[in-house]
file final_34.csv (CSV, C-alpha atoms)
chain,number,residue,atom,x,y,z
A,1,MET,CA,-47.4,63.4,-66.6
A,2,PRO,CA,-47.3,60.9,-63.8
A,3,ASP,CA,-45.3,57.7,-64.4
A,4,TYR,CA,-47.6,54.7,-64.7
A,5,PRO,CA,-46.3,51.2,-63.9
A,6,GLN,CA,-45.5,49.2,-67.0
A,7,SER,CA,-47.6,46.2,-67.8
A,8,PRO,CA,-46.1,42.7,-67.4
A,9,PRO,CA,-45.9,42.2,-71.2
A,10,GLN,CA,-43.8,45.4,-71.7
A,11,LYS,CA,-41.4,44.3,-68.9
A,12,SER,CA,-41.1,40.8,-70.3
A,13,LYS,CA,-40.5,42.3,-73.8
A,14,GLN,CA,-37.7,44.5,-72.5
A,15,ALA,CA,-36.1,41.7,-70.6
A,16,HIS,CA,-36.2,39.6,-73.7
A,17,VAL,CA,-34.5,42.3,-75.7
A,18,ARG,CA,-31.8,42.6,-73.0
A,19,ARG,CA,-31.2,38.8,-73.1
A,20,VAL,CA,-31.0,38.9,-76.9
A,21,ARG,CA,-28.5,41.7,-76.8
A,22,GLY,CA,-26.5,39.9,-74.1
A,23,ILE,CA,-26.3,36.8,-76.2
A,24,PHE,CA,-25.3,38.8,-79.3
A,25,TYR,CA,-22.5,40.6,-77.4
A,26,ARG,CA,-21.1,37.4,-75.9
A,27,SER,CA,-21.2,35.6,-79.2
A,28,LEU,CA,-19.5,38.6,-80.9
A,29,ILE,CA,-16.7,38.7,-78.2
A,30,ARG,CA,-16.3,34.9,-78.6
A,31,GLU,CA,-15.8,35.4,-82.3
A,32,PHE,CA,-13.4,38.2,-81.8
A,33,ALA,CA,-11.3,36.0,-79.4
A,34,THR,CA,-11.3,33.0,-81.7
A,35,MET,CA,-10.1,35.1,-84.7
A,36,GLY,CA,-7.6,36.9,-82.6
A,37,MET,CA,-6.1,33.6,-81.3
A,38,LEU,CA,-5.9,32.3,-84.8
A,39,VAL,CA,-4.1,35.5,-86.1
A,40,PHE,CA,-1.8,35.5,-83.1
A,41,VAL,CA,-0.7,31.9,-83.5
A,42,ILE,CA,0.1,32.5,-87.2
A,43,LEU,CA,2.1,35.7,-86.5
A,44,LEU,CA,3.9,34.0,-83.6
A,45,GLY,CA,4.8,31.1,-85.8
A,46,ILE,CA,6.3,33.4,-88.5
A,47,VAL,CA,8.3,35.3,-85.9
A,48,VAL,CA,9.6,32.2,-84.2
A,49,PHE,CA,10.6,30.7,-87.6
A,50,THR,CA,12.5,33.8,-88.7
A,51,GLN,CA,14.2,34.3,-85.4
A,52,LEU,CA,15.2,30.6,-85.4
A,53,ILE,CA,16.9,31.0,-88.8
A,54,ARG,CA,18.7,34.1,-87.5
A,55,PHE,CA,20.0,32.4,-84.4
A,56,LEU,CA,21.0,29.3,-86.2
A,57,GLY,CA,23.0,31.4,-88.6
A,58,GLU,CA,24.8,33.1,-85.7
A,59,SER,CA,25.5,29.7,-84.2
A,60,VAL,CA,27.0,28.4,-87.5
A,61,SER,CA,29.2,31.5,-87.7
A,62,GLY,CA,30.4,31.1,-84.2
A,63,LEU,CA,28.7,34.2,-82.7
A,64,LEU,CA,26.3,32.1,-80.6
A,65,ALA,CA,26.8,28.8,-78.8
A,66,VAL,CA,24.6,25.9,-79.9
A,67,ASP,CA,23.1,25.4,-76.5
A,68,GLY,CA,22.0,29.0,-76.4
A,69,VAL,CA,19.8,29.0,-79.5
A,70,MET,CA,16.6,27.9,-77.9
A,71,VAL,CA,17.0,30.1,-74.8
A,72,MET,CA,17.6,33.2,-77.0
A,73,LEU,CA,14.7,32.2,-79.2
A,74,GLY,CA,12.4,32.1,-76.1
A,75,PHE,CA,13.5,35.6,-75.0
A,76,SER,CA,13.2,37.0,-78.5
A,77,ALA,CA,9.6,35.6,-78.8
A,78,ILE,CA,8.6,37.2,-75.4
A,79,ASN,CA,10.0,40.5,-76.7
A,80,TYR,CA,7.7,40.4,-79.8
A,81,LEU,CA,4.6,39.5,-77.9
A,82,PRO,CA,3.2,43.1,-77.3
A,83,VAL,CA,3.5,44.0,-81.0
A,84,LEU,CA,2.0,40.7,-82.1
A,85,LEU,CA,-0.9,41.1,-79.7
A,86,SER,CA,-1.6,44.6,-81.0
A,87,ILE,CA,-1.7,43.4,-84.6
A,88,SER,CA,-3.9,40.4,-83.7
A,89,LEU,CA,-6.3,42.7,-81.8
A,90,PHE,CA,-6.7,45.0,-84.7
A,91,LEU,CA,-7.0,42.3,-87.4
A,92,SER,CA,-9.4,40.2,-85.3
A,93,VAL,CA,-11.9,43.1,-85.0
A,94,LEU,CA,-11.5,44.1,-88.6
A,95,ILE,CA,-11.8,40.6,-90.1
A,96,THR,CA,-14.8,39.7,-87.9
A,97,LEU,CA,-16.8,42.9,-88.7
A,98,THR,CA,-15.8,42.6,-92.4
A,99,ARG,CA,-17.4,39.2,-92.4
A,100,CYS,CA,-20.5,40.6,-90.9
A,101,TYR,CA,-20.8,43.1,-93.8
A,102,ARG,CA,-20.2,40.4,-96.4
A,103,ASP,CA,-22.8,38.1,-94.9
A,104,SER,CA,-25.3,41.0,-94.7
A,105,GLU,CA,-25.6,40.8,-90.9
A,106,MET,CA,-24.8,44.5,-90.6
A,107,VAL,CA,-27.7,45.3,-92.9
A,108,VAL,CA,-30.0,43.4,-90.5
A,109,TRP,CA,-28.7,45.2,-87.5
A,110,PHE,CA,-28.8,48.6,-89.1
A,111,SER,CA,-32.4,48.0,-90.3
A,112,SER,CA,-33.4,47.1,-86.7
A,113,GLY,CA,-32.2,50.5,-85.4
A,114,ILE,CA,-28.8,49.5,-84.1
A,115,GLY,CA,-26.3,52.2,-85.1
A,116,LEU,CA,-22.6,51.9,-85.7
A,117,THR,CA,-21.7,53.3,-82.3
A,118,ARG,CA,-23.5,50.3,-80.6
A,119,TRP,CA,-20.7,48.1,-81.7
A,120,ILE,CA,-18.3,50.0,-79.5
A,121,ARG,CA,-19.4,48.2,-76.3
A,122,PRO,CA,-18.6,44.6,-77.5
A,123,VAL,CA,-15.4,45.7,-79.1
A,124,LEU,CA,-14.3,47.4,-75.8
A,125,GLY,CA,-15.4,44.3,-73.9
A,126,TYR,CA,-12.9,42.4,-76.0
A,127,ALA,CA,-10.2,45.0,-76.4
A,128,LEU,CA,-9.7,46.3,-72.9
A,129,PRO,CA,-8.5,43.0,-71.4
A,130,VAL,CA,-6.1,42.4,-74.3
A,131,THR,CA,-4.9,46.0,-74.0
A,132,ALA,CA,-4.2,45.5,-70.3
A,133,VAL,CA,-2.1,42.4,-71.3
A,134,ILE,CA,-0.2,44.4,-73.9
A,135,ALA,CA,0.5,47.1,-71.4
A,136,LEU,CA,1.8,44.5,-68.9
A,137,MET,CA,4.1,42.9,-71.5
A,138,SER,CA,5.3,46.2,-72.9
A,139,LEU,CA,6.1,47.8,-69.5
A,140,VAL,CA,7.3,44.8,-67.6
A,141,LEU,CA,7.8,41.5,-69.5
A,142,SER,CA,9.5,42.7,-72.6
A,143,PRO,CA,12.3,44.7,-70.8
A,144,TRP,CA,12.8,41.8,-68.5
A,145,ALA,CA,13.2,39.4,-71.4
A,146,LEU,CA,15.7,41.6,-73.1
A,147,SER,CA,17.7,42.1,-70.0
A,148,LYS,CA,17.8,38.4,-69.3
A,149,ALA,CA,18.8,37.8,-73.0
A,150,ASP,CA,21.7,40.2,-72.7
A,151,GLU,CA,22.8,38.6,-69.4
A,152,TYR,CA,22.6,35.1,-70.8
A,153,LYS,CA,24.6,36.1,-73.9
A,154,ARG,CA,27.3,37.7,-71.8
A,155,ARG,CA,27.5,34.5,-69.7
A,156,LEU,CA,27.9,32.5,-72.9
A,157,ASP,CA,30.6,34.8,-74.2
A,158,SER,CA,32.5,34.5,-70.9
A,159,ARG,CA,33.0,30.8,-71.2
A,160,ASP,CA,36.4,29.5,-72.2
A,161,ASP,CA,37.1,28.0,-75.6
A,162,VAL,CA,37.1,24.4,-74.6
A,163,SER,CA,33.7,24.6,-72.9
A,164,VAL,CA,32.2,26.2,-76.1
A,165,ALA,CA,33.7,23.7,-78.5
A,166,SER,CA,31.2,21.2,-79.9
A,167,PRO,CA,32.0,17.6,-80.8
A,168,GLY,CA,32.6,17.1,-84.5
A,169,ALA,CA,33.1,20.8,-85.3
A,170,PHE,CA,36.1,23.1,-85.6
A,171,ARG,CA,36.1,26.0,-83.2
A,172,GLU,CA,38.4,29.0,-83.2
A,173,SER,CA,39.5,30.6,-80.0
A,174,LYS,CA,38.4,34.1,-79.0
A,175,GLN,CA,42.1,35.2,-79.4
A,176,SER,CA,42.1,33.8,-82.9
A,177,ASP,CA,45.4,31.9,-82.2
A,178,ARG,CA,44.0,28.4,-81.8
A,179,VAL,CA,41.6,26.0,-83.6
A,180,PHE,CA,40.1,23.1,-81.7
A,181,PHE,CA,38.5,19.9,-82.9
A,182,LEU,CA,36.9,17.3,-80.5
A,183,GLU,CA,35.6,14.1,-82.0
A,184,GLY,CA,33.8,12.9,-78.9
A,185,VAL,CA,32.9,13.8,-75.3
A,186,ASP,CA,32.6,11.4,-72.4
A,187,ALA,CA,30.3,13.3,-70.0
A,188,GLU,CA,30.5,10.6,-67.2
A,189,ASN,CA,34.3,10.5,-67.0
A,190,LYS,CA,34.6,14.2,-68.0
A,191,ARG,CA,37.0,13.5,-70.9
A,192,VAL,CA,37.2,14.2,-74.6
A,193,GLY,CA,38.5,11.9,-77.3
A,194,ASN,CA,40.6,12.4,-80.4
A,195,ILE,CA,41.6,16.0,-80.0
A,196,PHE,CA,43.1,18.2,-82.7
A,197,VAL,CA,44.7,21.6,-81.8
A,198,ARG,CA,46.4,24.0,-84.2
A,199,SER,CA,48.1,27.0,-82.7
A,200,LYS,CA,50.6,29.7,-83.6
A,201,GLN,CA,53.3,30.7,-81.1
A,202,HIS,CA,56.4,32.8,-81.7
A,203,GLY,CA,55.9,32.9,-85.4
A,204,LYS,CA,55.7,29.1,-85.7
A,205,GLU,CA,52.6,27.0,-86.3
A,206,GLY,CA,52.1,23.9,-84.3
A,207,THR,CA,49.7,21.1,-84.6
A,208,MET,CA,48.9,18.6,-81.8
A,209,VAL,CA,46.9,15.4,-82.0
A,210,ALA,CA,46.0,13.4,-78.9
A,211,LYS,CA,43.9,10.4,-78.2
A,212,GLU,CA,42.2,11.9,-75.2
A,213,GLY,CA,42.2,14.8,-72.8
A,214,TYR,CA,40.6,16.5,-69.9
A,215,GLN,CA,40.4,19.9,-68.1
A,216,GLU,CA,42.5,20.6,-65.0
A,217,THR,CA,42.4,23.5,-62.6
A,218,ALA,CA,45.6,24.6,-60.8
A,219,GLU,CA,45.8,25.9,-57.2
A,220,ASN,CA,46.0,29.5,-58.4
A,221,GLY,CA,42.8,29.1,-60.4
A,222,ASP,CA,44.4,28.7,-63.9
A,223,ARG,CA,42.7,26.2,-66.1
A,224,PHE,CA,44.6,23.8,-68.5
A,225,LEU,CA,43.6,21.5,-71.2
A,226,VAL,CA,45.6,18.3,-70.6
A,227,LEU,CA,46.3,16.1,-73.7
A,228,LEU,CA,47.3,12.5,-73.2
A,229,ASN,CA,49.2,10.2,-75.6
A,230,GLY,CA,49.7,12.6,-78.5
A,231,THR,CA,52.0,14.0,-81.0
A,232,ARG,CA,53.1,17.6,-81.7
A,233,TYR,CA,54.2,18.9,-85.1
A,234,GLU,CA,55.9,22.3,-85.1
A,235,GLY,CA,57.5,24.4,-87.9
A,236,ILE,CA,57.1,27.0,-90.6
A,237,PRO,CA,54.9,26.1,-93.6
A,238,GLY,CA,56.9,25.6,-96.8
A,239,GLN,CA,60.1,24.6,-95.0
A,240,ALA,CA,61.4,21.2,-94.2
A,241,ASP,CA,62.6,21.8,-90.6
A,242,PHE,CA,59.6,20.5,-88.9
A,243,ARG,CA,60.0,19.1,-85.4
A,244,ILE,CA,57.9,16.1,-84.3
A,245,ALA,CA,57.6,15.3,-80.6
A,246,GLU,CA,55.5,12.6,-79.0
A,247,PHE,CA,54.3,13.1,-75.5
A,248,GLU,CA,52.3,11.3,-72.8
A,249,ARG,CA,51.0,14.4,-71.1
A,250,TYR,CA,50.9,17.9,-72.4
A,251,ALA,CA,49.1,20.8,-70.6
A,252,MET,CA,47.8,23.9,-72.5
A,253,ARG,CA,46.7,26.9,-70.6
A,254,ILE,CA,43.1,28.0,-71.3
A,255,GLU,CA,43.0,31.8,-71.6
A,256,PRO,CA,40.1,33.4,-69.8
A,257,ALA,CA,37.7,35.3,-72.1
A,258,GLU,CA,38.0,39.0,-72.0
A,259,LEU,CA,34.7,40.8,-72.5
A,260,GLY,CA,34.7,44.2,-74.0
A,261,LYS,CA,32.4,47.0,-72.7
A,262,GLU,CA,29.2,46.9,-74.6
A,263,GLN,CA,26.8,49.7,-75.1
A,264,PRO,CA,23.8,49.1,-72.7
A,265,ASN,CA,20.6,48.2,-74.5
A,266,LEU,CA,18.1,50.9,-73.8
A,267,LYS,CA,15.1,48.6,-74.4
A,268,ALA,CA,16.4,46.3,-71.6
A,269,TYR,CA,16.1,49.0,-68.9
A,270,SER,CA,13.2,48.6,-66.6
A,271,THR,CA,10.3,51.0,-66.7
A,272,ILE,CA,10.9,52.2,-63.2
A,273,TYR,CA,14.5,53.0,-64.2
A,274,LEU,CA,13.3,55.1,-67.2
A,275,ILE,CA,10.9,57.0,-64.9
A,276,LYS,CA,13.6,57.7,-62.3
A,277,HIS,CA,16.1,58.9,-65.0
A,278,PRO,CA,14.0,61.1,-67.4
A,279,THR,CA,16.7,61.7,-70.0
A,280,PRO,CA,15.5,62.4,-73.6
A,281,ARG,CA,16.4,58.8,-74.7
A,282,ASN,CA,14.8,57.2,-71.7
A,283,LEU,CA,11.6,59.3,-72.2
A,284,SER,CA,11.4,58.2,-75.9
A,285,GLU,CA,11.7,54.6,-74.9
A,286,LEU,CA,9.0,55.1,-72.2
A,287,GLU,CA,6.7,56.7,-74.7
A,288,TRP,CA,7.2,53.7,-77.0
A,289,ARG,CA,6.1,51.3,-74.3
A,290,LEU,CA,3.1,53.4,-73.3
A,291,GLY,CA,2.2,54.0,-76.9
A,292,LEU,CA,1.7,50.3,-77.7
A,293,PRO,CA,-1.4,49.8,-75.5
A,294,PHE,CA,-2.8,53.2,-76.4
A,295,SER,CA,-2.4,52.5,-80.1
A,296,ALA,CA,-3.8,49.0,-79.8
A,297,LEU,CA,-7.0,50.3,-78.1
A,298,LEU,CA,-7.5,53.1,-80.7
A,299,LEU,CA,-6.9,50.8,-83.6
A,300,SER,CA,-9.4,48.3,-82.3
A,301,LEU,CA,-12.1,51.0,-82.3
A,302,LEU,CA,-10.9,52.3,-85.6
A,303,ALA,CA,-11.5,48.8,-87.1
A,304,ILE,CA,-15.3,49.3,-86.6
A,305,PRO,CA,-15.7,52.0,-89.3
A,306,LEU,CA,-12.9,50.6,-91.4
A,307,SER,CA,-14.6,47.2,-91.7
A,308,TYR,CA,-17.3,48.6,-94.0
A,309,VAL,CA,-17.5,46.7,-97.3
A,310,ASP,CA,-18.9,48.1,-100.5
A,311,ASN,CA,-19.3,45.2,-102.9
A,312,ARG,CA,-19.4,47.6,-105.8
A,313,ALA,CA,-16.1,49.2,-104.9
A,314,GLY,CA,-14.3,46.0,-104.2
A,315,ARG,CA,-14.1,43.8,-101.1
A,316,SER,CA,-10.4,44.3,-100.4
A,317,LEU,CA,-10.5,48.1,-100.4
A,318,ASN,CA,-11.2,48.3,-96.7
A,319,LEU,CA,-8.4,45.9,-95.8
A,320,ILE,CA,-5.9,47.9,-97.9
A,321,THR,CA,-7.1,51.2,-96.2
A,322,ALA,CA,-6.8,49.6,-92.7
A,323,ILE,CA,-3.2,48.3,-93.4
A,324,VAL,CA,-2.1,51.7,-94.7
A,325,ILE,CA,-3.6,53.4,-91.6
A,326,TYR,CA,-1.9,50.9,-89.3
A,327,MET,CA,1.5,51.3,-90.9
A,328,PHE,CA,1.1,55.1,-90.8
A,329,TYR,CA,0.2,55.1,-87.1
A,330,ASN,CA,3.1,52.8,-86.0
A,331,ASN,CA,5.6,54.5,-88.2
A,332,MET,CA,4.6,57.9,-86.8
A,333,ILE,CA,5.0,56.5,-83.2
A,334,SER,CA,8.6,55.6,-84.1
A,335,VAL,CA,9.2,59.0,-85.7
A,336,THR,CA,7.8,61.0,-82.8
A,337,ASN,CA,9.9,58.9,-80.4
A,338,SER,CA,13.1,59.6,-82.3
A,339,TRP,CA,12.2,63.4,-82.3
A,340,VAL,CA,11.8,63.2,-78.5
A,341,ALA,CA,15.1,61.4,-78.2
A,342,ARG,CA,16.8,64.2,-80.3
A,343,GLN,CA,15.0,66.9,-78.3
A,344,LYS,CA,13.2,68.1,-81.5
A,345,LEU,CA,9.9,67.6,-79.7
A,346,ASP,CA,8.9,67.8,-76.1
A,347,PRO,CA,7.7,64.5,-74.5
A,348,VAL,CA,4.1,65.7,-73.8
A,349,SER,CA,3.5,66.9,-77.3
A,350,GLY,CA,5.3,63.8,-78.8
A,351,PHE,CA,3.1,61.4,-76.9
A,352,TRP,CA,-0.4,63.0,-76.8
A,353,GLY,CA,-0.2,64.8,-80.1
A,354,LEU,CA,-0.2,61.7,-82.3
A,355,HIS,CA,-2.7,59.8,-80.2
A,356,LEU,CA,-5.1,62.8,-80.1
A,357,PHE,CA,-4.8,63.1,-83.8
A,358,MET,CA,-5.7,59.5,-84.3
A,359,LEU,CA,-8.6,59.9,-81.9
A,360,ALA,CA,-9.9,62.8,-84.1
A,361,VAL,CA,-9.5,60.5,-87.2
A,362,LEU,CA,-11.5,57.8,-85.4
A,363,THR,CA,-14.3,60.4,-84.7
A,364,ILE,CA,-14.4,61.5,-88.3
A,365,PHE,CA,-14.6,57.9,-89.6
A,366,PHE,CA,-17.5,57.1,-87.2
A,367,TYR,CA,-19.3,60.3,-88.2
A,368,HIS,CA,-18.8,59.6,-91.8
A,369,ARG,CA,-20.0,56.0,-91.7
A,370,SER,CA,-22.9,56.8,-89.4
A,371,SER,CA,-24.1,59.7,-91.6
A,372,VAL,CA,-23.9,57.5,-94.7
A,373,PHE,CA,-26.1,54.9,-93.1
A,374,SER,CA,-28.5,57.5,-91.7
A,375,TRP,CA,-28.9,59.1,-95.2
A,376,ARG,CA,-29.6,55.8,-96.8
A,377,ARG,CA,-32.3,54.9,-94.2
A,378,TRP,CA,-33.9,58.4,-94.7
A,379,LYS,CA,-33.8,57.9,-98.4
A,380,ARG,CA,-35.6,54.6,-98.2
call {"tool": "encode", "arguments": {"input": "final_34.csv", "output": "structure tokens"}}
result
Amino acid sequence: MPDYPQSPPQKSKQAHVRRVRGIFYRSLIREFATMGMLVFVILLGIVVFTQLIRFLGESVSGLLAVDGVMVMLGFSAINYLPVLLSISLFLSVLITLTRCYRDSEMVVWFSSGIGLTRWIRPVLGYALPVTAVIALMSLVLSPWALSKADEYKRRLDSRDDVSVASPGAFRESKQSDRVFFLEGVDAENKRVGNIFVRSKQHGKEGTMVAKEGYQETAENGDRFLVLLNGTRYEGIPGQADFRIAEFERYAMRIEPAELGKEQPNLKAYSTIYLIKHPTPRNLSELEWRLGLPFSALLLSLLAIPLSYVDNRAGRSLNLITAIVIYMFYNNMISVTNSWVARQKLDPVSGFWGLHLFMLAVLTIFFYHRSSVFSWRRWKR
């Protein structure tokens, strides 16, 4: 049959339907983004709080300098961003669509002929930009943050004992043969006041107390802590043969810090380095970085059928199922990566096998939910 031109009312009706759908998709993406931002801020606050407690504990025990706590906290937060964004993406889609079921909005859309697969477009419109950000952070930003954190920590460990010492706190030297205490620091004159030093030399313990001191660098590069107007007590504890000597100037050599060879952090290697050096361990780390955006995209689509709420079966059942699937997926990514690193599984099967399996699970869930709704409509 020949195609006849449509009448103006039919064209205006179709244009109106397209405008309504456009408004619906934009409002849904806006709701996804609002919920995702809320979940992300909450998760980021939890991570920052826990990491702050950890770094403060290391600072109190002397493993980390006080002035390095906030810097290490920033690098640690950047490292967790890809995982937090992945969780926020999944939960934002799941919570938003669950709310639509509870408020009976889904019933209205299904009754008007909109199937479950029609929700893929707005979810992808929201998930694809977030997935691109996750891929950028996982492949570039997170390794950079870890490498800078390791470099900064090595720089802190290479500082001498006097530079690390904090006013009002006892500090043990890296050689474990001296204990320092500084009561105050005059930054303008580069001097410290009321110094206490306890050391052990040649089997004898000595204690020195001075009113003030400063650092001095010799011509050969050696550094000294010069104490002024102080007293030295030297002897063996428990015996009475203590020697007491007063001095106007006493110089103590500051031993340079000796850094041991540390095992390089695999997660701090750049993605380009992992590609150029395809060892089993490097390939397992590369698969982990590539698996984060893939899993985030699949989980965002999987949240569409998982968001179904049956009031007679309980409103929290879908959330429990979604959390179990999310934990299973992420744990299996770690398991397959460890198998690749141990050469128990080849890299191609280790990467694509799990993601294709989850894609099949996604298809089954969509088919199951769509067939249930189709059967109910046919029954009515």
call {"tool": "atom_distance", "arguments": {"input": "final_34.csv", "atom1": "CA of Asn330 (chain A)", "atom2": "CA of Ser295 (chain A)"}}
result
8.1 Å
call {"tool": "atom_distance", "arguments": {"input": "final_34.csv", "atom1": "CA of Leu97 (chain A)", "atom2": "CA of Ile333 (chain A)"}}
result
26.3 Å
call {"tool": "atom_distance", "arguments": {"input": "final_34.csv", "atom1": "CA of Glu234 (chain A)", "atom2": "CA of Ser199 (chain A)"}}
result
9.4 Å
call {"tool": "closest_atom_pairs", "arguments": {"input": "final_34.csv", "of": "region 286-368 of chain A", "to": "region 113-137 of chain A", "cutoff": "7 Å", "atoms": "all atoms listed in the file", "output": "tab-separated table"}}
result
residue	atom	partner	partner_atom	distance
A:Pro293	CA	A:Ala135	CA	5.3
A:Ala296	CA	A:Thr131	CA	6.6
A:Leu297	CA	A:Thr131	CA	6.3
A:Ser300	CA	A:Ala127	CA	6.8
A:Leu301	CA	A:Ile120	CA	6.9
call {"tool": "residues_around", "arguments": {"input": "final_34.csv", "residues": "Gly206 (chain A)", "least_positions_apart": "5", "cutoff": "9 Å", "atoms": "all atoms listed in the file", "output": "list in words"}}
result
Val197, Arg198, Ser199, Lys200, Gln201, Arg232, Tyr233, Glu234, Gly235 and Ile236 of chain A
call {"tool": "residues_near_point", "arguments": {"input": "final_34.csv", "point": "(3.7, 59.7, -83.6)", "cutoff": "6 Å", "atoms": "only C-alpha atoms", "output": "JSON, numbers by chain"}}
result
{"A": [332, 333, 335, 336, 354]}
call {"tool": "write_last_selection", "arguments": {"input": "final_34.csv", "atoms": "C-alpha atoms", "output": "tab-separated table (two decimals), in the coordinates of the input"}}
result
chain	number	residue	atom	x	y	z
A	332	MET	CA	4.60	57.90	-86.80
A	333	ILE	CA	5.00	56.50	-83.20
A	335	VAL	CA	9.20	59.00	-85.70
A	336	THR	CA	7.80	61.00	-82.80
A	354	LEU	CA	-0.20	61.70	-82.30
call {"tool": "closest_residue", "arguments": {"input": "final_34.csv", "among": "A:Leu319, A:Met252, A:Met37, A:Leu81", "to": "Leu141 (chain A)", "atoms": "only C-alpha atoms"}}
result
A:Leu81
call {"tool": "decode", "arguments": {"input": "final_34.csv", "residues": "region 267-307 of chain A", "atoms": "C-alpha atoms", "output": "PDB file, in the first residue's frame"}}
result
ATOM      1  CA  LYS A 267      48.867  -0.991  42.493  1.00  0.00           C
ATOM      2  CA  ALA A 268      51.085   2.082  42.131  1.00  0.00           C
ATOM      3  CA  TYR A 269      52.384   1.053  38.705  1.00  0.00           C
ATOM      4  CA  SER A 270      50.995   3.031  35.796  1.00  0.00           C
ATOM      5  CA  THR A 271      48.632   1.303  33.376  1.00  0.00           C
ATOM      6  CA  ILE A 272      51.066   1.847  30.508  1.00  0.00           C
ATOM      7  CA  TYR A 273      53.777   0.047  32.480  1.00  0.00           C
ATOM      8  CA  LEU A 274      51.446  -2.904  33.119  1.00  0.00           C
ATOM      9  CA  ILE A 275      50.672  -3.150  29.397  1.00  0.00           C
ATOM     10  CA  LYS A 276      54.352  -3.002  28.399  1.00  0.00           C
ATOM     11  CA  HIS A 277      55.318  -5.648  30.993  1.00  0.00           C
ATOM     12  CA  PRO A 278      52.606  -8.339  30.715  1.00  0.00           C
ATOM     13  CA  THR A 279      53.672 -10.584  33.601  1.00  0.00           C
ATOM     14  CA  PRO A 280      50.941 -12.622  35.361  1.00  0.00           C
ATOM     15  CA  ARG A 281      50.878 -10.269  38.369  1.00  0.00           C
ATOM     16  CA  ASN A 282      50.765  -7.193  36.147  1.00  0.00           C
ATOM     17  CA  LEU A 283      47.968  -8.670  34.035  1.00  0.00           C
ATOM     18  CA  SER A 284      45.922  -9.473  37.138  1.00  0.00           C
ATOM     19  CA  GLU A 285      46.237  -5.865  38.308  1.00  0.00           C
ATOM     20  CA  LEU A 286      45.335  -4.615  34.811  1.00  0.00           C
ATOM     21  CA  GLU A 287      42.240  -6.822  34.787  1.00  0.00           C
ATOM     22  CA  TRP A 288      41.196  -5.395  38.142  1.00  0.00           C
ATOM     23  CA  ARG A 289      41.421  -1.842  36.818  1.00  0.00           C
ATOM     24  CA  LEU A 290      39.520  -2.695  33.631  1.00  0.00           C
ATOM     25  CA  GLY A 291      36.971  -4.761  35.546  1.00  0.00           C
ATOM     26  CA  LEU A 292      35.800  -1.838  37.695  1.00  0.00           C
ATOM     27  CA  PRO A 293      34.116   0.158  34.880  1.00  0.00           C
ATOM     28  CA  PHE A 294      32.772  -3.031  33.232  1.00  0.00           C
ATOM     29  CA  SER A 295      31.230  -4.233  36.485  1.00  0.00           C
ATOM     30  CA  ALA A 296      29.844  -0.773  37.261  1.00  0.00           C
ATOM     31  CA  LEU A 297      28.023  -0.634  33.910  1.00  0.00           C
ATOM     32  CA  LEU A 298      26.628  -4.170  34.210  1.00  0.00           C
ATOM     33  CA  LEU A 299      25.513  -3.619  37.793  1.00  0.00           C
ATOM     34  CA  SER A 300      23.702  -0.404  36.866  1.00  0.00           C
ATOM     35  CA  LEU A 301      21.704  -2.332  34.240  1.00  0.00           C
ATOM     36  CA  LEU A 302      21.186  -5.242  36.625  1.00  0.00           C
ATOM     37  CA  ALA A 303      19.620  -2.814  39.102  1.00  0.00           C
ATOM     38  CA  ILE A 304      16.627  -2.396  36.740  1.00  0.00           C
ATOM     39  CA  PRO A 305      15.162  -5.902  37.222  1.00  0.00           C
ATOM     40  CA  LEU A 306      16.493  -6.128  40.796  1.00  0.00           C
ATOM     41  CA  SER A 307      14.520  -3.041  41.814  1.00  0.00           C
TER      42      SER A 307
END
